[in-house]
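See below for the structure under consideration.
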Amino acid sequence: MAGKRKKGAPRGSVGSRKSGRQTTRRRVGETRSSKTRLVTGRKTDLGPTRDERRREARAVGIVLWLSVFIFLVLSASLLVYHSYAFWAGDKDDTTVPNVVDIRYEDAALSVETAGLILRIRSEMFSDDTEKDIVIDQLPAAGARVKVGREVLVDVSRGSRTLTTPNVIGLDRNEATAQLDAIGVSTHYLPSRYSDVAPAGTVINQSPPPGAPIALGENVELVSSAGALDRAIQMPTLEGMYYEDALQIIQETRLRLRRVSYTYIANTDDTVVSSQFPLPGTQVMQGSEVLLTVNAPTSYETLGSRQSSVTVDVPEAAGTVTVRITVQDRYETKEVYSAEHTGPTTLEQLINSYGRTTVRVYFGNQIIREETY
């Protein structure tokens, strides 16, 4: 029958004879294979791997360091080239002048005229070469060098042994400045009265003018204390209290040289019993006076004792070293030493044992002596 289906043939299935189509059934294996090809053929963008990034960074670092190295090499080469061009290639030659045995100022002018630069290499003492004279040079005279080069010289500071200049007649300040300028120091001894030289003028010096003296040594100077009357009448000091006699000695510009004590029983006062020069005699102001003083017996003991000494430094003395020595029953000792500038007064406490002699010095010159 035409209208009957063939047994076993599905109705309306693709590829049936009625439809005339070919069978389109696909195998499972073909479909899977097709899907696999689609997946692997797709383009993916996941970026460089870690190793690739490391290689790229290392390459960039090498390029940078290489650039820096090349830059430094080129810069150094350029610097060397310009330095050479400045010091050698682009400068003319000149001859080094002879500057030995001439003064430094003249040497500097000669070197600058040649287009060079003078520089002191050292300064040294020399007994054979005057001060500021060039002793040696480098480069030597006659050498050919480039313009602008330095010439090194050794310069004399003069001899260590100097000649003492004459500063007598100069003011104290001028004398000090002149001696300081040659490298020696000054020390002033007690001033002396002078009828000729104004106060403050140097009237004596040691070493004398023209004598040799080494650098740093002292020159001892004596300055004038001004004029004094040629002669005065010696005042009468006998019978006066000791303190009153001291005041008159100072007012008349005399100097107390020594005091001797005579101890008297049953007396309470210290009185001048004798003097030298004698009263009424003509003496020069500044002369020394010797006194003998009667003192109470109680002043002389065999035990420990304590007393004080007063010293007046007059303005005329200038700056002096005041020294006080004490001689007692057991020893002689210096109890005071210091510089003072007059006018000034100082008082020193003295401890001694038994009979005591006190001596006061201005420098090395004794100006007073007391025994009690």
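Within each chain, counting starts at residue 1; across the structure tokens, chains are named A, B, ... in the order shown, with ligands numbered 1 upward in that order.
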
Which residues are near Arg160 of chain A? Cut-off 7 Å, only C-alpha atoms, ignore same chain within fewer than 5 positions. Put them as a PDB file with N, CA and C atoms, in the first residue's frame.
ATOM      1  N   PHE A 125     115.948  80.331  59.201  1.00  0.00           N
ATOM      2  CA  PHE A 125     116.995  81.195  59.721  1.00  0.00           C
ATOM      3  C   PHE A 125     118.308  80.893  59.006  1.00  0.00           C
ATOM      4  N   ASP A 127     122.506  82.361  59.164  1.00  0.00           N
ATOM      5  CA  ASP A 127     123.517  83.294  59.651  1.00  0.00           C
ATOM      6  C   ASP A 127     124.276  83.962  58.518  1.00  0.00           C
ATOM      7  N   ALA A 214     120.553  86.998  71.259  1.00  0.00           N
ATOM      8  CA  ALA A 214     119.793  85.958  70.565  1.00  0.00           C
ATOM      9  C   ALA A 214     118.307  86.301  70.564  1.00  0.00           C
ATOM     10  N   LEU A 215     117.610  85.717  69.614  1.00  0.00           N
ATOM     11  CA  LEU A 215     116.163  85.904  69.544  1.00  0.00           C
ATOM     12  C   LEU A 215     115.506  85.455  70.841  1.00  0.00           C
TER      13      LEU A 215
END

Contacts of Ile135 of chain A at 9 Å (only C-alpha atoms; same-chain gap of 3+ positions) as a VMD selection string: chain A and resid 99 to 102 129 153 to 156

Counting only C-alpha atoms, which residues of segment 210-240 of chain A sit at most 12 Å from some atom of segment 317-324 of chain A, and what is each one's closest atom pair with its distance in Å to one decimal, listed by chain and rising residue number, as CSV?
residue,atom,partner,partner_atom,distance
A:Glu220,CA,A:Val320,CA,11.8
A:Leu221,CA,A:Thr319,CA,11.3
A:Val222,CA,A:Gly318,CA,9.6
A:Ser223,CA,A:Gly318,CA,8.4
A:Ser224,CA,A:Ala317,CA,9.1
A:Ala225,CA,A:Ala317,CA,7.1
A:Gly226,CA,A:Ala317,CA,10.7

Can you write out the residues you just picked, keeping C-alpha atoms, as a PDB file, in the first residue's frame?
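That gives us selection37.pdb:
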ATOM      1  CA  GLU A 220     117.059  95.261  80.574  1.00  0.00           C
ATOM      2  CA  LEU A 221     116.166  98.938  80.451  1.00  0.00           C
ATOM      3  CA  VAL A 222     116.243 101.756  82.987  1.00  0.00           C
ATOM      4  CA  SER A 223     114.053 104.805  82.439  1.00  0.00           C
ATOM      5  CA  SER A 224     114.240 108.263  83.908  1.00  0.00           C
ATOM      6  CA  ALA A 225     112.054 109.151  86.873  1.00  0.00           C
ATOM      7  CA  GLY A 226     112.426 112.851  86.122  1.00  0.00           C
TER       8      GLY A 226
END

Strand (DSSP E or B) residues, from DSSP on the backbone, in segment 303-355 of chain A, as a PyMOL selection string: chain A and resi 304-313+319-327+332-341+344-353

Restricting it to N, CA and C atoms, dump the selection as a tab-separated table (two decimals), in the first residue's frame.
chain	number	residue	atom	x	y	z
A	304	SER	N	107.80	81.82	118.37
A	304	SER	CA	107.19	82.21	117.09
A	304	SER	C	106.63	83.62	117.21
A	305	ARG	N	106.71	84.33	116.10
A	305	ARG	CA	106.19	85.70	116.11
A	305	ARG	C	105.59	85.99	114.74
A	306	GLN	N	104.74	86.97	114.72
A	306	GLN	CA	104.05	87.36	113.49
A	306	GLN	C	104.08	88.87	113.36
A	307	SER	N	104.36	89.35	112.18
A	307	SER	CA	104.43	90.80	111.93
A	307	SER	C	104.00	91.06	110.49
A	308	SER	N	103.94	92.31	110.12
A	308	SER	CA	103.57	92.68	108.76
A	308	SER	C	104.53	93.74	108.24
A	309	VAL	N	104.77	93.71	106.93
A	309	VAL	CA	105.66	94.66	106.27
A	309	VAL	C	104.85	95.39	105.21
A	310	THR	N	104.95	96.72	105.24
A	310	THR	CA	104.26	97.55	104.24
A	310	THR	C	105.29	98.13	103.29
A	311	VAL	N	105.03	98.01	101.98
A	311	VAL	CA	105.96	98.48	100.96
A	311	VAL	C	105.21	99.45	100.05
A	312	ASP	N	105.79	100.63	99.86
A	312	ASP	CA	105.25	101.63	98.94
A	312	ASP	C	106.06	101.62	97.66
A	313	VAL	N	105.40	101.43	96.52
A	313	VAL	CA	106.06	101.50	95.21
A	313	VAL	C	105.71	102.84	94.60
A	319	THR	N	107.32	99.85	86.58
A	319	THR	CA	106.94	98.47	86.87
A	319	THR	C	108.16	97.72	87.39
A	320	VAL	N	108.07	97.20	88.61
A	320	VAL	CA	109.20	96.52	89.24
A	320	VAL	C	108.73	95.22	89.87
A	321	THR	N	109.68	94.33	90.09
A	321	THR	CA	109.41	93.10	90.82
A	321	THR	C	109.76	93.33	92.28
A	322	VAL	N	108.75	93.28	93.14
A	322	VAL	CA	108.95	93.48	94.58
A	322	VAL	C	109.20	92.12	95.22
A	323	ARG	N	110.34	92.01	95.93
A	323	ARG	CA	110.69	90.78	96.62
A	323	ARG	C	110.90	91.07	98.10
A	324	ILE	N	110.44	90.13	98.95
A	324	ILE	CA	110.62	90.27	100.40
A	324	ILE	C	111.23	88.97	100.91
A	325	THR	N	112.36	89.10	101.61
A	325	THR	CA	113.01	87.94	102.20
A	325	THR	C	113.03	88.09	103.72
A	326	VAL	N	113.03	86.95	104.41
A	326	VAL	CA	113.00	86.92	105.88
A	326	VAL	C	114.14	86.02	106.36
A	327	GLN	N	114.95	86.52	107.30
A	327	GLN	CA	115.99	85.73	107.94
A	327	GLN	C	115.69	85.67	109.43
A	332	THR	N	116.77	81.48	106.06
A	332	THR	CA	116.52	82.66	105.23
A	332	THR	C	115.64	82.23	104.07
A	333	LYS	N	114.53	82.90	103.87
A	333	LYS	CA	113.55	82.47	102.86
A	333	LYS	C	112.91	83.69	102.20
A	334	GLU	N	112.47	83.48	100.97
A	334	GLU	CA	111.72	84.51	100.24
A	334	GLU	C	110.24	84.27	100.48
A	335	VAL	N	109.56	85.30	101.00
A	335	VAL	CA	108.15	85.14	101.35
A	335	VAL	C	107.23	85.86	100.38
A	336	TYR	N	107.80	86.67	99.46
A	336	TYR	CA	106.93	87.41	98.52
A	336	TYR	C	107.74	87.77	97.28
A	337	SER	N	107.08	87.65	96.10
A	337	SER	CA	107.69	88.08	94.84
A	337	SER	C	106.58	88.29	93.83
A	338	ALA	N	106.45	89.54	93.33
A	338	ALA	CA	105.41	89.86	92.35
A	338	ALA	C	105.74	91.20	91.70
A	339	GLU	N	105.24	91.38	90.48
A	339	GLU	CA	105.44	92.65	89.77
A	339	GLU	C	104.37	93.65	90.19
A	340	HIS	N	104.78	94.92	90.36
A	340	HIS	CA	103.85	96.00	90.70
A	340	HIS	C	104.23	97.24	89.91
A	341	THR	N	103.23	98.01	89.57
A	341	THR	CA	103.42	99.29	88.88
A	341	THR	C	103.00	100.41	89.81
A	344	THR	N	101.67	102.33	94.20
A	344	THR	CA	100.84	101.33	94.86
A	344	THR	C	101.47	100.98	96.22
A	345	THR	N	100.65	100.40	97.09
A	345	THR	CA	101.11	100.00	98.42
A	345	THR	C	100.69	98.56	98.65
A	346	LEU	N	101.61	97.76	99.17
A	346	LEU	CA	101.29	96.36	99.46
A	346	LEU	C	101.69	96.04	100.89
A	347	GLU	N	101.03	95.08	101.49
A	347	GLU	CA	101.31	94.67	102.86
A	347	GLU	C	101.43	93.15	102.88
A	348	GLN	N	102.52	92.65	103.51
A	348	GLN	CA	102.79	91.23	103.56
A	348	GLN	C	102.90	90.77	105.00
A	349	LEU	N	102.15	89.71	105.37
A	349	LEU	CA	102.22	89.11	106.69
A	349	LEU	C	103.42	88.18	106.77
A	350	ILE	N	104.17	88.27	107.87
A	350	ILE	CA	105.41	87.51	108.02
A	350	ILE	C	105.35	86.67	109.29
A	351	ASN	N	105.67	85.41	109.16
A	351	ASN	CA	105.80	84.50	110.30
A	351	ASN	C	107.27	84.11	110.44
A	352	SER	N	107.81	84.26	111.62
A	352	SER	CA	109.22	83.96	111.83
A	352	SER	C	109.42	83.43	113.25
A	353	TYR	N	110.68	83.11	113.56
A	353	TYR	CA	111.00	82.56	114.87
A	353	TYR	C	112.23	83.27	115.42

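Separating atom CA of Gly280 of chain A from atom CA of Glu243 of chain A is a distance of 20.6 Å.
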
Polymer residues at most 6 Å from Leu116 of chain A, only C-alpha atoms, same-chain spacing of 2 or more positions, as an NGL selection string: :A and (111-112 or 114 or 147-150)

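Distance check against Met240 of chain A using only C-alpha atoms: of A:Pro212, A:Leu254, A:Tyr372, A:Val293, the minimum falls on A:Val293.
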
Segment 162-210 of chain A: residues DSSP assigns to helix (DSSP H, G or I), reported as a list in words: Arg172, Asn173, Glu174, Ala175, Thr176, Ala177, Gln178, Leu179, Asp180 and Ala181 of chain A

Write the residues of the selection above to a file with C-alpha atoms, as a short mmCIF file (atom, residue, chain, number, x, y, z; two decimals), in the first residue's frame.
data_model
loop_
_atom_site.label_atom_id
_atom_site.label_comp_id
_atom_site.auth_asym_id
_atom_site.auth_seq_id
_atom_site.Cartn_x
_atom_site.Cartn_y
_atom_site.Cartn_z
CA ARG A 172 109.66 103.63 76.95
CA ASN A 173 106.93 102.72 74.44
CA GLU A 174 109.14 103.45 71.42
CA ALA A 175 112.01 101.41 72.88
CA THR A 176 109.72 98.46 73.58
CA ALA A 177 108.25 98.54 70.07
CA GLN A 178 111.70 98.66 68.43
CA LEU A 179 112.97 95.70 70.44
CA ASP A 180 109.79 93.70 69.85
CA ALA A 181 110.17 94.26 66.10
#

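In this comparison, which uses only C-alpha atoms, the residue of A:Ile366, A:Ser75, A:Leu246, A:Gly200 approaching Leu170 of chain A most closely is A:Gly200.
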
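Across the structure, atom CA of Asp128 of chain A and atom CA of Ser206 of chain A are spaced 26.0 Å apart.
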
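Using only C-alpha atoms for every distance, the candidate list A:Ser122, A:Thr356, A:Thr267, A:Ser191 yields A:Ser122 as the residue closest to Val134 of chain A.
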